[in-house]
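What follows is query_6.cif (mmCIF, N, CA and C atoms).
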```cif
data_run
#
loop_
_atom_site.label_atom_id
_atom_site.label_comp_id
_atom_site.auth_asym_id
_atom_site.auth_seq_id
_atom_site.Cartn_x
_atom_site.Cartn_y
_atom_site.Cartn_z
N MET A 9 -22.95 -65.41 -7.93
CA MET A 9 -21.63 -64.82 -7.93
C MET A 9 -21.40 -63.99 -9.19
N ARG A 10 -21.90 -64.50 -10.29
CA ARG A 10 -21.75 -63.79 -11.54
C ARG A 10 -22.51 -62.45 -11.48
N ASN A 11 -23.67 -62.43 -10.89
CA ASN A 11 -24.48 -61.22 -10.73
C ASN A 11 -23.71 -60.17 -9.92
N PHE A 12 -23.02 -60.60 -8.87
CA PHE A 12 -22.21 -59.70 -8.04
C PHE A 12 -21.07 -59.11 -8.86
N PHE A 13 -20.41 -59.92 -9.68
CA PHE A 13 -19.30 -59.47 -10.51
C PHE A 13 -19.77 -58.41 -11.52
N ILE A 14 -20.92 -58.59 -12.12
CA ILE A 14 -21.46 -57.63 -13.09
C ILE A 14 -21.78 -56.31 -12.41
N LYS A 15 -22.40 -56.34 -11.22
CA LYS A 15 -22.71 -55.11 -10.48
C LYS A 15 -21.42 -54.38 -10.10
N TYR A 16 -20.41 -55.15 -9.68
CA TYR A 16 -19.13 -54.56 -9.30
C TYR A 16 -18.47 -53.91 -10.51
N LEU A 17 -18.50 -54.57 -11.65
CA LEU A 17 -17.90 -54.05 -12.86
C LEU A 17 -18.62 -52.78 -13.33
N ILE A 18 -19.92 -52.77 -13.28
CA ILE A 18 -20.70 -51.58 -13.68
C ILE A 18 -20.40 -50.42 -12.74
N SER A 19 -20.32 -50.68 -11.44
CA SER A 19 -20.00 -49.63 -10.47
C SER A 19 -18.61 -49.06 -10.73
N TYR A 20 -17.66 -49.94 -10.99
CA TYR A 20 -16.29 -49.51 -11.23
C TYR A 20 -16.21 -48.64 -12.49
N ILE A 21 -16.84 -49.06 -13.56
CA ILE A 21 -16.83 -48.30 -14.81
C ILE A 21 -17.52 -46.95 -14.62
N SER A 22 -18.63 -46.92 -13.88
CA SER A 22 -19.35 -45.67 -13.62
C SER A 22 -18.47 -44.68 -12.87
N ILE A 23 -17.76 -45.16 -11.87
CA ILE A 23 -16.89 -44.28 -11.08
C ILE A 23 -15.75 -43.75 -11.94
N VAL A 24 -15.14 -44.60 -12.73
CA VAL A 24 -14.04 -44.18 -13.60
C VAL A 24 -14.53 -43.13 -14.60
N LEU A 25 -15.68 -43.35 -15.20
CA LEU A 25 -16.22 -42.39 -16.16
C LEU A 25 -16.59 -41.07 -15.48
N PHE A 26 -17.14 -41.14 -14.30
CA PHE A 26 -17.56 -39.94 -13.58
C PHE A 26 -16.36 -39.05 -13.28
N PHE A 27 -15.27 -39.61 -12.79
CA PHE A 27 -14.11 -38.82 -12.41
C PHE A 27 -13.22 -38.44 -13.59
N SER A 28 -13.44 -39.00 -14.75
CA SER A 28 -12.61 -38.65 -15.89
C SER A 28 -13.29 -37.63 -16.80
N CYS A 29 -14.50 -37.25 -16.51
CA CYS A 29 -15.24 -36.32 -17.36
C CYS A 29 -15.05 -34.88 -16.89
N ALA A 30 -15.17 -33.96 -17.81
CA ALA A 30 -15.28 -32.53 -17.57
C ALA A 30 -14.20 -31.98 -16.65
N SER A 31 -12.95 -32.24 -16.98
CA SER A 31 -11.90 -31.64 -16.19
C SER A 31 -11.81 -30.16 -16.56
N ILE A 32 -11.68 -29.30 -15.54
CA ILE A 32 -11.68 -27.85 -15.75
C ILE A 32 -10.25 -27.40 -16.00
N LYS A 33 -10.03 -26.77 -17.15
CA LYS A 33 -8.73 -26.22 -17.48
C LYS A 33 -8.92 -25.19 -18.58
N GLY A 34 -7.90 -24.39 -18.78
CA GLY A 34 -7.97 -23.37 -19.81
C GLY A 34 -8.02 -23.98 -21.19
N PRO A 35 -8.58 -23.24 -22.14
CA PRO A 35 -8.62 -23.76 -23.50
C PRO A 35 -7.22 -23.86 -24.08
N SER A 36 -7.02 -24.86 -24.88
CA SER A 36 -5.69 -25.04 -25.48
C SER A 36 -5.61 -24.24 -26.77
N GLY A 37 -4.40 -23.89 -27.13
CA GLY A 37 -4.17 -23.21 -28.40
C GLY A 37 -4.45 -21.73 -28.34
N GLY A 38 -4.22 -21.09 -29.44
CA GLY A 38 -4.44 -19.65 -29.53
C GLY A 38 -3.24 -18.87 -29.05
N PRO A 39 -3.16 -17.59 -29.43
CA PRO A 39 -2.03 -16.77 -29.01
C PRO A 39 -2.13 -16.42 -27.51
N ALA A 40 -0.98 -16.23 -26.88
CA ALA A 40 -0.93 -15.84 -25.47
C ALA A 40 -1.42 -14.40 -25.32
N ASP A 41 -2.12 -14.12 -24.22
CA ASP A 41 -2.62 -12.77 -23.93
C ASP A 41 -1.47 -11.94 -23.38
N LYS A 42 -1.02 -10.97 -24.15
CA LYS A 42 0.05 -10.07 -23.74
C LYS A 42 -0.45 -8.64 -23.54
N MET A 43 -1.73 -8.40 -23.80
CA MET A 43 -2.30 -7.07 -23.71
C MET A 43 -2.67 -6.76 -22.26
N PRO A 44 -2.29 -5.58 -21.76
CA PRO A 44 -2.65 -5.21 -20.39
C PRO A 44 -4.12 -4.82 -20.30
N PRO A 45 -4.71 -4.95 -19.13
CA PRO A 45 -6.09 -4.47 -18.97
C PRO A 45 -6.08 -2.94 -18.98
N PHE A 46 -7.21 -2.35 -19.32
CA PHE A 46 -7.32 -0.89 -19.26
C PHE A 46 -8.72 -0.50 -18.82
N LEU A 47 -8.77 0.67 -18.19
CA LEU A 47 -10.03 1.21 -17.69
C LEU A 47 -10.83 1.75 -18.86
N LEU A 48 -12.10 1.37 -18.92
CA LEU A 48 -13.00 1.92 -19.94
C LEU A 48 -13.48 3.27 -19.40
N VAL A 49 -12.81 4.33 -19.81
CA VAL A 49 -13.03 5.66 -19.24
C VAL A 49 -14.47 6.11 -19.39
N ASP A 50 -15.09 5.76 -20.49
CA ASP A 50 -16.48 6.18 -20.69
C ASP A 50 -17.45 5.37 -19.83
N GLN A 51 -16.93 4.37 -19.09
CA GLN A 51 -17.79 3.59 -18.22
C GLN A 51 -17.40 3.73 -16.75
N VAL A 52 -16.81 4.87 -16.38
CA VAL A 52 -16.59 5.20 -14.97
C VAL A 52 -17.86 5.89 -14.51
N ILE A 53 -18.50 5.33 -13.48
CA ILE A 53 -19.78 5.87 -13.01
C ILE A 53 -19.65 6.24 -11.54
N PRO A 54 -19.85 7.47 -11.15
CA PRO A 54 -20.10 8.64 -11.98
C PRO A 54 -18.81 9.07 -12.68
N ALA A 55 -18.95 9.88 -13.71
CA ALA A 55 -17.78 10.33 -14.44
C ALA A 55 -16.87 11.12 -13.51
N SER A 56 -15.56 10.98 -13.72
CA SER A 56 -14.59 11.71 -12.91
C SER A 56 -14.84 13.21 -13.05
N ASN A 57 -14.53 13.96 -12.01
CA ASN A 57 -14.65 15.41 -11.96
C ASN A 57 -16.08 15.91 -11.84
N THR A 58 -17.03 15.08 -11.54
CA THR A 58 -18.41 15.52 -11.44
C THR A 58 -18.87 15.51 -10.00
N ASN A 59 -20.01 16.12 -9.78
CA ASN A 59 -20.61 16.09 -8.45
C ASN A 59 -20.87 14.64 -8.07
N ILE A 60 -20.57 14.33 -6.83
CA ILE A 60 -20.80 12.99 -6.34
C ILE A 60 -21.57 13.10 -5.03
N LYS A 61 -22.50 12.21 -4.83
CA LYS A 61 -23.27 12.22 -3.60
C LYS A 61 -22.40 11.74 -2.44
N LYS A 62 -22.79 12.05 -1.23
CA LYS A 62 -21.92 11.83 -0.06
C LYS A 62 -21.53 10.38 0.17
N ASN A 63 -22.34 9.41 -0.27
CA ASN A 63 -21.95 8.00 -0.08
C ASN A 63 -22.21 7.17 -1.34
N GLN A 64 -22.09 7.82 -2.49
CA GLN A 64 -22.32 7.17 -3.77
C GLN A 64 -21.24 6.13 -4.09
N ILE A 65 -21.63 5.06 -4.73
CA ILE A 65 -20.69 4.02 -5.16
C ILE A 65 -20.02 4.46 -6.46
N ILE A 66 -18.71 4.31 -6.51
CA ILE A 66 -17.96 4.57 -7.75
C ILE A 66 -17.77 3.23 -8.45
N LYS A 67 -18.16 3.16 -9.71
CA LYS A 67 -18.09 1.92 -10.48
C LYS A 67 -17.05 2.08 -11.59
N LEU A 68 -16.12 1.14 -11.64
CA LEU A 68 -15.05 1.16 -12.64
C LEU A 68 -15.13 -0.11 -13.47
N PHE A 69 -15.18 0.04 -14.78
CA PHE A 69 -15.25 -1.10 -15.69
C PHE A 69 -13.96 -1.18 -16.50
N PHE A 70 -13.42 -2.39 -16.59
CA PHE A 70 -12.20 -2.64 -17.35
C PHE A 70 -12.55 -3.46 -18.59
N ASN A 71 -11.62 -3.53 -19.53
CA ASN A 71 -11.87 -4.24 -20.79
C ASN A 71 -11.80 -5.76 -20.63
N GLU A 72 -11.26 -6.26 -19.50
CA GLU A 72 -11.18 -7.70 -19.28
C GLU A 72 -11.21 -7.98 -17.79
N ARG A 73 -11.29 -9.26 -17.45
CA ARG A 73 -11.36 -9.67 -16.05
C ARG A 73 -10.10 -9.27 -15.30
N ILE A 74 -10.29 -8.75 -14.10
CA ILE A 74 -9.19 -8.32 -13.25
C ILE A 74 -8.96 -9.39 -12.20
N HIS A 75 -7.68 -9.68 -11.92
CA HIS A 75 -7.37 -10.69 -10.91
C HIS A 75 -7.65 -10.11 -9.53
N PRO A 76 -8.57 -10.71 -8.77
CA PRO A 76 -8.97 -10.11 -7.48
C PRO A 76 -7.84 -10.04 -6.46
N ASN A 77 -6.85 -10.91 -6.54
CA ASN A 77 -5.75 -10.88 -5.57
C ASN A 77 -4.84 -9.67 -5.74
N THR A 78 -4.94 -8.96 -6.85
CA THR A 78 -4.08 -7.81 -7.08
C THR A 78 -4.73 -6.49 -6.67
N ILE A 79 -5.96 -6.53 -6.21
CA ILE A 79 -6.69 -5.30 -5.84
C ILE A 79 -6.21 -4.75 -4.51
N SER A 80 -5.95 -5.62 -3.54
CA SER A 80 -5.58 -5.19 -2.20
C SER A 80 -4.33 -4.32 -2.23
N GLY A 81 -4.45 -3.11 -1.73
CA GLY A 81 -3.33 -2.18 -1.70
C GLY A 81 -3.08 -1.45 -3.00
N SER A 82 -3.82 -1.75 -4.04
CA SER A 82 -3.61 -1.11 -5.34
C SER A 82 -4.50 0.11 -5.55
N ILE A 83 -5.52 0.26 -4.71
CA ILE A 83 -6.43 1.40 -4.83
C ILE A 83 -6.36 2.20 -3.54
N THR A 84 -6.02 3.48 -3.66
CA THR A 84 -5.97 4.36 -2.49
C THR A 84 -6.84 5.58 -2.73
N ILE A 85 -7.34 6.11 -1.63
CA ILE A 85 -8.16 7.31 -1.66
C ILE A 85 -7.42 8.39 -0.90
N GLU A 86 -7.30 9.58 -1.48
CA GLU A 86 -6.66 10.71 -0.82
C GLU A 86 -7.65 11.86 -0.77
N PRO A 87 -7.90 12.48 0.38
CA PRO A 87 -7.36 12.15 1.68
C PRO A 87 -7.85 10.77 2.13
N ASP A 88 -7.08 10.19 3.04
CA ASP A 88 -7.33 8.82 3.50
C ASP A 88 -8.78 8.66 3.94
N THR A 89 -9.47 7.71 3.32
CA THR A 89 -10.89 7.45 3.58
C THR A 89 -11.09 5.96 3.65
N ASP A 90 -11.83 5.49 4.65
CA ASP A 90 -12.15 4.06 4.73
C ASP A 90 -13.18 3.72 3.66
N VAL A 91 -12.85 2.73 2.85
CA VAL A 91 -13.74 2.34 1.76
C VAL A 91 -13.92 0.83 1.74
N MET A 92 -14.97 0.40 1.07
CA MET A 92 -15.20 -1.01 0.80
C MET A 92 -15.01 -1.19 -0.71
N ILE A 93 -14.16 -2.13 -1.08
CA ILE A 93 -13.87 -2.38 -2.49
C ILE A 93 -14.34 -3.79 -2.82
N LYS A 94 -15.14 -3.89 -3.87
CA LYS A 94 -15.61 -5.20 -4.34
C LYS A 94 -15.23 -5.35 -5.80
N ILE A 95 -14.92 -6.58 -6.17
CA ILE A 95 -14.56 -6.86 -7.56
C ILE A 95 -15.40 -8.02 -8.06
N ASN A 96 -15.85 -7.91 -9.30
CA ASN A 96 -16.61 -8.96 -9.95
C ASN A 96 -16.22 -8.97 -11.43
N ASN A 97 -15.37 -9.91 -11.80
CA ASN A 97 -14.87 -10.03 -13.17
C ASN A 97 -14.14 -8.76 -13.61
N ASN A 98 -14.75 -7.96 -14.49
CA ASN A 98 -14.09 -6.75 -14.99
C ASN A 98 -14.64 -5.48 -14.35
N PHE A 99 -15.29 -5.61 -13.22
CA PHE A 99 -16.00 -4.51 -12.58
C PHE A 99 -15.50 -4.33 -11.15
N ILE A 100 -15.11 -3.10 -10.78
CA ILE A 100 -14.69 -2.78 -9.41
C ILE A 100 -15.63 -1.71 -8.88
N SER A 101 -16.13 -1.91 -7.67
CA SER A 101 -16.95 -0.88 -7.03
C SER A 101 -16.26 -0.41 -5.75
N ILE A 102 -16.33 0.90 -5.52
CA ILE A 102 -15.71 1.52 -4.35
C ILE A 102 -16.79 2.33 -3.64
N LYS A 103 -16.98 2.04 -2.36
CA LYS A 103 -18.00 2.72 -1.58
C LYS A 103 -17.40 3.15 -0.26
N PRO A 104 -17.66 4.40 0.17
CA PRO A 104 -17.12 4.84 1.46
C PRO A 104 -17.86 4.16 2.61
N LYS A 105 -17.14 3.89 3.71
CA LYS A 105 -17.80 3.32 4.87
C LYS A 105 -18.68 4.37 5.54
N ASP A 106 -18.29 5.64 5.45
CA ASP A 106 -19.11 6.74 5.96
C ASP A 106 -19.52 7.62 4.77
N ASP A 107 -18.90 8.78 4.66
CA ASP A 107 -19.18 9.70 3.55
C ASP A 107 -17.89 10.02 2.82
N TRP A 108 -18.03 10.40 1.54
CA TRP A 108 -16.87 10.87 0.79
C TRP A 108 -16.47 12.25 1.32
N PRO A 109 -15.18 12.59 1.27
CA PRO A 109 -14.76 13.97 1.59
C PRO A 109 -15.29 14.93 0.52
N ASN A 110 -15.18 16.22 0.77
CA ASN A 110 -15.68 17.20 -0.20
C ASN A 110 -14.95 17.08 -1.54
N GLN A 111 -13.66 16.85 -1.48
CA GLN A 111 -12.86 16.59 -2.68
C GLN A 111 -11.98 15.39 -2.38
N PHE A 112 -11.77 14.53 -3.37
CA PHE A 112 -10.90 13.38 -3.15
C PHE A 112 -10.37 12.83 -4.47
N ARG A 113 -9.33 12.05 -4.30
CA ARG A 113 -8.65 11.44 -5.45
C ARG A 113 -8.70 9.93 -5.28
N VAL A 114 -9.03 9.22 -6.34
CA VAL A 114 -8.95 7.76 -6.38
C VAL A 114 -7.72 7.43 -7.23
N PHE A 115 -6.74 6.79 -6.59
CA PHE A 115 -5.51 6.44 -7.28
C PHE A 115 -5.45 4.93 -7.43
N ILE A 116 -5.25 4.46 -8.66
CA ILE A 116 -5.16 3.03 -8.95
C ILE A 116 -3.75 2.78 -9.49
N SER A 117 -2.97 2.01 -8.75
CA SER A 117 -1.58 1.77 -9.15
C SER A 117 -1.51 0.75 -10.29
N ARG A 118 -0.33 0.61 -10.84
CA ARG A 118 -0.11 -0.33 -11.93
C ARG A 118 -0.10 -1.78 -11.47
N LYS A 119 -0.18 -2.04 -10.17
CA LYS A 119 -0.08 -3.41 -9.65
C LYS A 119 -1.28 -4.28 -10.02
N ILE A 120 -2.37 -3.69 -10.46
CA ILE A 120 -3.54 -4.47 -10.85
C ILE A 120 -3.23 -5.23 -12.13
N THR A 121 -3.59 -6.52 -12.15
CA THR A 121 -3.32 -7.35 -13.33
C THR A 121 -4.58 -8.07 -13.78
N ASP A 122 -4.47 -8.62 -14.99
CA ASP A 122 -5.50 -9.55 -15.46
C ASP A 122 -5.07 -10.95 -15.04
N TYR A 123 -5.78 -11.97 -15.48
CA TYR A 123 -5.47 -13.34 -15.09
C TYR A 123 -4.22 -13.89 -15.76
N PHE A 124 -3.63 -13.13 -16.70
CA PHE A 124 -2.41 -13.56 -17.36
C PHE A 124 -1.21 -12.75 -16.87
N ASN A 125 -1.37 -12.09 -15.73
CA ASN A 125 -0.32 -11.28 -15.08
C ASN A 125 0.16 -10.12 -15.94
N ASN A 126 -0.74 -9.55 -16.74
CA ASN A 126 -0.43 -8.33 -17.48
C ASN A 126 -0.82 -7.15 -16.61
N TYR A 127 0.14 -6.29 -16.28
CA TYR A 127 -0.09 -5.12 -15.43
C TYR A 127 -0.69 -3.98 -16.24
N LEU A 128 -1.35 -3.06 -15.54
CA LEU A 128 -1.82 -1.84 -16.20
C LEU A 128 -0.62 -1.12 -16.81
N ASN A 129 -0.82 -0.46 -17.95
CA ASN A 129 0.27 0.31 -18.58
C ASN A 129 0.65 1.51 -17.74
N LEU A 130 -0.35 2.22 -17.24
CA LEU A 130 -0.14 3.45 -16.48
C LEU A 130 -1.03 3.44 -15.24
N PRO A 131 -0.61 4.14 -14.18
CA PRO A 131 -1.53 4.29 -13.04
C PRO A 131 -2.71 5.17 -13.46
N ILE A 132 -3.78 5.08 -12.70
CA ILE A 132 -5.00 5.81 -13.03
C ILE A 132 -5.30 6.79 -11.90
N ASP A 133 -5.56 8.05 -12.26
CA ASP A 133 -5.96 9.09 -11.32
C ASP A 133 -7.36 9.55 -11.66
N LEU A 134 -8.25 9.49 -10.69
CA LEU A 134 -9.61 10.00 -10.86
C LEU A 134 -9.88 11.00 -9.75
N PHE A 135 -10.44 12.15 -10.10
CA PHE A 135 -10.72 13.19 -9.13
C PHE A 135 -12.22 13.40 -9.04
N PHE A 136 -12.68 13.56 -7.81
CA PHE A 136 -14.11 13.75 -7.58
C PHE A 136 -14.33 14.88 -6.59
N SER A 137 -15.49 15.49 -6.69
CA SER A 137 -15.87 16.56 -5.77
C SER A 137 -17.35 16.43 -5.47
N ARG A 138 -17.72 16.79 -4.26
CA ARG A 138 -19.13 16.79 -3.91
C ARG A 138 -19.77 18.13 -4.26
N SER A 139 -18.98 19.06 -4.79
CA SER A 139 -19.52 20.35 -5.24
C SER A 139 -19.31 20.47 -6.74
N ASP A 140 -19.46 21.66 -7.27
CA ASP A 140 -19.36 21.87 -8.71
C ASP A 140 -17.93 21.92 -9.24
N THR A 141 -16.96 22.16 -8.36
CA THR A 141 -15.60 22.35 -8.84
C THR A 141 -14.61 21.54 -8.01
N ILE A 142 -13.43 21.36 -8.59
CA ILE A 142 -12.30 20.79 -7.87
C ILE A 142 -11.27 21.91 -7.80
N TYR A 143 -10.95 22.35 -6.59
CA TYR A 143 -10.11 23.51 -6.40
C TYR A 143 -8.66 23.26 -6.76
N ASN A 144 -8.13 22.11 -6.36
CA ASN A 144 -6.71 21.83 -6.58
C ASN A 144 -6.53 20.35 -6.80
N LYS A 145 -6.06 19.97 -7.96
CA LYS A 145 -5.88 18.54 -8.25
C LYS A 145 -4.57 18.01 -7.67
N ASN A 146 -3.77 18.85 -7.06
CA ASN A 146 -2.49 18.40 -6.48
C ASN A 146 -2.70 18.05 -5.02
N TYR A 147 -2.86 16.79 -4.74
CA TYR A 147 -3.06 16.35 -3.35
C TYR A 147 -1.75 16.07 -2.71
#
```
Since I need it in another form, could you write the structure as structure tokens?
Amino acid sequence: MRNFFIKYLISYISIVLFFSCASIKGPSGGPADKMPPFLLVDQVIPASNTNIKKNQIIKLFFNERIHPNTISGSITIEPDTDVMIKINNNFISIKPKDDWPNQFRVFISRKITDYFNNYLNLPIDLFFSRSDTIYNKNY
């Protein structure tokens, strides 16, 4: 009987220790993040206003992680083009389902946030062309 009690006690302690370890939560302390995310303009691939291949992926890098739930409806393409948008931490990729139009605009609204609900300061306009020039930036 004593042997059973010791096994039961060891099992109970093991379970308690297992479930009390490594709880996932944010780090405590430090100043609150009040800075909005921003696009790293020198890391837009391909650079805005340059020749773009007909189905090339546009890669946008931000200075911090972007909340994925804020992406839906925040990025539009003019003229209207079906695209696939993927997000991974501070990186957004945009790829057309078919081909890019000859000229187009990628508009990113201020609704995009980081994980601390800091919105972009300003909306972002990027213009692309599949030729050497952009005839009219007013869409």
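Considering only C-alpha atoms, the residue among A:Gly37, A:Ile53, A:Tyr20, A:Phe70 positioned nearest to A:Leu128 is A:Phe70.
The residues of stretch 23-128 of chain A that DSSP classifies as helix (DSSP H, G or I), using the backbone of this structure, are A:Ile23, A:Val24, A:Leu25, A:Phe26, A:Phe27, A:Ser28, A:Val49, A:Asp50, A:Gln51, A:Pro76, A:Asn77, A:Thr78.
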### Task
Find the distance between atom CA of A:Asn63 and atom CA of A:Ile102 and write it in Å to one decimal.
10.0 Å
What do you get, as a compact mmCIF listing (two decimals) with N, CA and C atoms, in the frame of the given file, if you spell out every residue that the PyMOL selection byres ((chain A and resi 136) around 6) selects here?
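Ended up saving to expr_5.txt:
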```txt
# COMPACT_ATOMS: atom_id res chain seq x y z
N SER A 56 -15.56 10.98 -13.72
CA SER A 56 -14.59 11.71 -12.91
C SER A 56 -14.84 13.21 -13.05
N ASN A 57 -14.53 13.96 -12.01
CA ASN A 57 -14.65 15.41 -11.96
C ASN A 57 -16.08 15.91 -11.84
N THR A 58 -17.03 15.08 -11.54
CA THR A 58 -18.41 15.52 -11.44
C THR A 58 -18.87 15.51 -10.00
N ASN A 110 -15.18 16.22 0.77
CA ASN A 110 -15.68 17.20 -0.20
C ASN A 110 -14.95 17.08 -1.54
N GLN A 111 -13.66 16.85 -1.48
CA GLN A 111 -12.86 16.59 -2.68
C GLN A 111 -11.98 15.39 -2.38
N PHE A 112 -11.77 14.53 -3.37
CA PHE A 112 -10.90 13.38 -3.15
C PHE A 112 -10.37 12.83 -4.47
N ARG A 113 -9.33 12.05 -4.30
CA ARG A 113 -8.65 11.44 -5.45
C ARG A 113 -8.70 9.93 -5.28
N VAL A 114 -9.03 9.22 -6.34
CA VAL A 114 -8.95 7.76 -6.38
C VAL A 114 -7.72 7.43 -7.23
N LEU A 134 -8.25 9.49 -10.69
CA LEU A 134 -9.61 10.00 -10.86
C LEU A 134 -9.88 11.00 -9.75
N PHE A 135 -10.44 12.15 -10.10
CA PHE A 135 -10.72 13.19 -9.13
C PHE A 135 -12.22 13.40 -9.04
N SER A 137 -15.49 15.49 -6.69
CA SER A 137 -15.87 16.56 -5.77
C SER A 137 -17.35 16.43 -5.47
N ARG A 138 -17.72 16.79 -4.26
CA ARG A 138 -19.13 16.79 -3.91
C ARG A 138 -19.77 18.13 -4.26
```
### Task
Mind giving me the straight-line distance from atom N of A:Asn96 to atom CA of A:Ser139 in Å, one decimal?
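Spanning atom N of A:Asn96 to atom CA of A:Ser139 is a straight-line distance of 28.8 Å.
Between atom CA of A:Asn71 and atom N of A:Pro54 there is a distance of 17.1 Å.
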#### Entry: Result set, the PyMOL selection byres (((chain A and resi 89 and name CA) around 8) and name CA) on current file, as a list in words
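With the shown file as input, the PyMOL selection byres (((chain A and resi 89 and name CA) around 8) and name CA) matches Ile85, Glu86, Pro87, Asp88, Asp90, Val91, Pro104, Trp108 and Pro109 of chain A.
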Let's have the selection written as a PDB file, in the coordinates of the input, with N, CA and C atoms.
```
ATOM      1  N   ILE A  85      -7.340   6.110  -1.630  1.00  0.00           N
ATOM      2  CA  ILE A  85      -8.160   7.310  -1.660  1.00  0.00           C
ATOM      3  C   ILE A  85      -7.420   8.390  -0.900  1.00  0.00           C
ATOM      4  N   GLU A  86      -7.300   9.580  -1.480  1.00  0.00           N
ATOM      5  CA  GLU A  86      -6.660  10.710  -0.820  1.00  0.00           C
ATOM      6  C   GLU A  86      -7.650  11.860  -0.770  1.00  0.00           C
ATOM      7  N   PRO A  87      -7.900  12.480   0.380  1.00  0.00           N
ATOM      8  CA  PRO A  87      -7.360  12.150   1.680  1.00  0.00           C
ATOM      9  C   PRO A  87      -7.850  10.770   2.130  1.00  0.00           C
ATOM     10  N   ASP A  88      -7.080  10.190   3.040  1.00  0.00           N
ATOM     11  CA  ASP A  88      -7.330   8.820   3.500  1.00  0.00           C
ATOM     12  C   ASP A  88      -8.780   8.660   3.940  1.00  0.00           C
ATOM     13  N   ASP A  90     -11.830   5.490   4.650  1.00  0.00           N
ATOM     14  CA  ASP A  90     -12.150   4.060   4.730  1.00  0.00           C
ATOM     15  C   ASP A  90     -13.180   3.720   3.660  1.00  0.00           C
ATOM     16  N   VAL A  91     -12.850   2.730   2.850  1.00  0.00           N
ATOM     17  CA  VAL A  91     -13.740   2.340   1.760  1.00  0.00           C
ATOM     18  C   VAL A  91     -13.920   0.830   1.740  1.00  0.00           C
ATOM     19  N   PRO A 104     -17.660   4.400   0.170  1.00  0.00           N
ATOM     20  CA  PRO A 104     -17.120   4.840   1.460  1.00  0.00           C
ATOM     21  C   PRO A 104     -17.860   4.160   2.610  1.00  0.00           C
ATOM     22  N   TRP A 108     -18.030  10.400   1.540  1.00  0.00           N
ATOM     23  CA  TRP A 108     -16.870  10.870   0.790  1.00  0.00           C
ATOM     24  C   TRP A 108     -16.470  12.250   1.320  1.00  0.00           C
ATOM     25  N   PRO A 109     -15.180  12.590   1.270  1.00  0.00           N
ATOM     26  CA  PRO A 109     -14.760  13.970   1.590  1.00  0.00           C
ATOM     27  C   PRO A 109     -15.290  14.930   0.520  1.00  0.00           C
TER      28      PRO A 109
END
```
### Task
Measuring atom to atom with only N, CA and C atoms, identify which of A:Asp140, A:Arg73, A:Ile21, A:Gly81 is nearest to A:Ile60.
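With only N, CA and C atoms as the atom set, the closest residue is A:Asp140.
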### Query
Could you pull the residues within 10 Å of A:Asp41, counting only C-alpha atoms, minus those fewer than 2 positions along the same chain, as a count of residues only?
9
### Within 7 Å of A:Ile93 using only C-alpha atoms, minus same-chain residues under 5 positions, as a PyMOL selection string
chain A and resi 100-103
## Note on the structure
Judged by only N, CA and C atoms, the minimum distance to A:Lys119 among A:Gln51, A:Thr78, A:Asn11, A:Ser22 is found for A:Thr78
#### Entry: Nearest to A:Tyr127 by atom-to-atom distance, counting only N, CA and C atoms, from A:Ile83, A:Phe46, A:Asn59, A:Val52
A:Phe46
### Task
Using DSSP on the backbone coordinates, identify all residues within chain A classified as strand (DSSP E); present the result as JSON, numbers by chain.
{"A": [66, 67, 68, 69, 83, 84, 85, 86, 91, 92, 93, 94, 95, 96, 99, 100, 101, 102, 103, 104, 111, 112, 113, 114, 115, 116, 132, 133, 134, 135, 136, 137]}
